[in-house]
Each structure stands twice: as structure tokens, then as C-alpha cells.
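File shown: my_file-v3.cif. Contents: mmCIF, C-alpha atoms.
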data_coords
loop_
_atom_site.label_atom_id
_atom_site.label_comp_id
_atom_site.auth_asym_id
_atom_site.auth_seq_id
_atom_site.Cartn_x
_atom_site.Cartn_y
_atom_site.Cartn_z
CA MET A 21 -74.43 -15.34 104.43
CA GLN A 22 -74.66 -19.12 104.07
CA LEU A 23 -75.79 -18.83 100.45
CA LEU A 24 -72.84 -16.56 99.61
CA GLU A 25 -70.43 -18.98 101.28
CA GLU A 26 -71.92 -21.88 99.30
CA ARG A 27 -71.48 -19.95 96.07
CA LEU A 28 -67.88 -19.11 96.94
CA GLU A 29 -67.21 -22.79 97.64
CA LYS A 30 -68.77 -23.75 94.29
CA LEU A 31 -66.73 -21.16 92.41
CA ARG A 32 -63.52 -22.39 94.03
CA SER A 33 -64.37 -26.02 93.22
CA LEU A 34 -64.76 -24.99 89.56
CA GLY A 35 -61.22 -23.59 89.58
CA THR A 36 -61.99 -19.88 89.87
CA PHE A 37 -58.70 -18.03 90.25
CA GLY A 38 -59.79 -14.85 92.02
CA ILE A 39 -62.71 -12.98 93.50
CA SER A 40 -63.49 -9.29 93.20
CA LEU A 41 -66.18 -8.03 95.55
CA THR A 42 -68.08 -5.22 93.88
CA GLY A 43 -71.48 -3.68 94.25
CA GLY A 44 -73.54 -1.72 94.82
CA GLU A 45 -71.04 -0.84 97.48
CA PRO A 46 -69.35 -3.82 99.18
CA THR A 47 -68.50 -1.85 102.33
CA MET A 48 -72.22 -1.68 103.09
CA HIS A 49 -72.49 -5.48 103.35
CA PRO A 50 -72.82 -6.45 107.03
CA HIS A 51 -70.60 -9.54 106.59
CA LEU A 52 -67.89 -8.09 104.34
CA ILE A 53 -65.01 -9.01 106.65
CA SER A 54 -66.28 -12.59 106.99
CA LEU A 55 -66.67 -12.89 103.21
CA VAL A 56 -63.10 -11.73 102.62
CA ARG A 57 -61.87 -14.16 105.28
CA LYS A 58 -63.86 -17.00 103.66
CA CYS A 59 -62.34 -16.22 100.25
CA ARG A 60 -58.85 -16.47 101.74
CA GLU A 61 -59.71 -19.68 103.63
CA LEU A 62 -60.93 -21.24 100.39
CA GLY A 63 -57.60 -20.45 98.78
CA PHE A 64 -58.53 -18.00 96.06
CA PHE A 65 -55.24 -16.72 94.65
CA ARG A 66 -56.50 -13.17 94.54
CA THR A 67 -59.18 -11.56 96.69
CA GLY A 68 -60.00 -7.96 95.85
CA MET A 69 -62.67 -5.32 96.18
CA ILE A 70 -63.89 -2.33 94.21
CA SER A 71 -65.30 0.45 96.37
CA ASN A 72 -66.27 4.08 96.01
CA GLY A 73 -64.32 4.62 99.24
CA PHE A 74 -67.07 6.57 100.98
CA PHE A 75 -67.28 4.31 104.04
CA LEU A 76 -63.57 3.53 104.34
CA LYS A 77 -62.26 4.34 107.79
CA PRO A 78 -59.00 3.21 109.44
CA ALA A 79 -60.75 0.49 111.49
CA LEU A 80 -62.42 -1.01 108.41
CA ILE A 81 -59.19 -0.90 106.42
CA GLU A 82 -57.34 -2.66 109.24
CA ALA A 83 -60.08 -5.32 109.50
CA LEU A 84 -59.97 -5.92 105.74
CA ASN A 85 -56.18 -6.26 105.89
CA GLU A 86 -56.41 -8.72 108.78
CA ALA A 87 -59.06 -10.73 106.91
CA GLY A 88 -56.67 -11.06 103.97
CA LEU A 89 -57.90 -8.59 101.37
CA GLN A 90 -55.15 -8.38 98.76
CA GLU A 91 -56.33 -5.64 96.41
CA MET A 92 -58.59 -2.63 96.66
CA GLN A 93 -59.61 -0.43 93.79
CA ILE A 94 -61.27 2.91 94.44
CA SER A 95 -63.77 3.82 91.74
CA ILE A 96 -64.47 7.52 91.24
CA ASP A 97 -67.44 7.87 88.92
CA GLY A 98 -68.05 11.59 89.25
CA VAL A 99 -67.21 14.69 91.17
#

How does this structure look as C-alpha cells?
Amino acid sequence: MQLLEERLEKLRSLGTFGISLTGGEPTMHPHLISLVRKCRELGFFRTGMISNGFFLKPALIEALNEAGLQEMQISIDGV
């Protein structure tokens, strides 16, 4: 987690406008909520995520909203 936070801080210091958390599947990351919160604390203008939606449940959606996630894209690659 520390390495990811350091990389986010570096990206922000370089003027990165927004972050999109993708995968693999970002909802499988054990620190997803903390990462979203860190992105918002660092002041990224846009913090989003691309998910296949498989693990989305009301509690996770609420936690992502509370952490400050601004955009979510659901990717459907097949049936």
C-alpha cells in the first residue's frame, strides 16, 4: 500500500489531472477504499474506476461513494 501511495503522490506532483483505477479487477484490491480516499486527499480532479461489476454490492458502492469516487465505468467484455 505504501508503494502505491508514493506513486500516487509522485503522479500528483507531476501535475496528473485524474486517476482511473483499472485492473485486473480493482474491486479485488484489499485497500481499494483507502486508495480512492488517498486520490481525493491528494486533490486529483477526477478519480474513477473501471470494473466488471461482479463484486459490486451496496456496501461497497456506499464505501466508494464515501471515499470520494467520482466516476465508475462498468466494462462488459462478453456474455

Handout entry: Explicit residue set for the PyMOL selection byres ((chain A and resi 71) around 10), as a list in words
Key = Leu41, Thr42, Gly43, Gly44, Glu45, Pro46, Thr47, Met48, Gly68, Met69, Ile70, Asn72, Gly73, Phe74, Phe75, Leu76, Met92, Gln93, Ile94, Ser95 and Ile96 of chain A

Handout entry: Output check: residues returned by the PyMOL selection byres ((chain A and resi 61) around 12), as a VMD selection string
Key = chain A and resid 25 28 to 29 32 54 to 60 62 to 67 87 to 89

Practice task
Report the distance between atom CA of A:Gln90 and atom CA of A:Leu23 in Å, rounded to one decimal place.
Solution key: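 Distance reported for this atom pair: 23.2 Å.
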
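Atom CA of A:His51 is found 14.3 Å from atom CA of A:Ile81.
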
Problem - Atomic distance atom CA of A:Thr36 - atom CA of A:Pro50, expressed in Å with one decimal - result: 24.3 Å

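Among A:Ile53, A:Phe37, A:Leu24, A:Asp97, the residue with the shortest atom-to-atom distance to A:Leu80, counting only C-alpha atoms, is A:Ile53.
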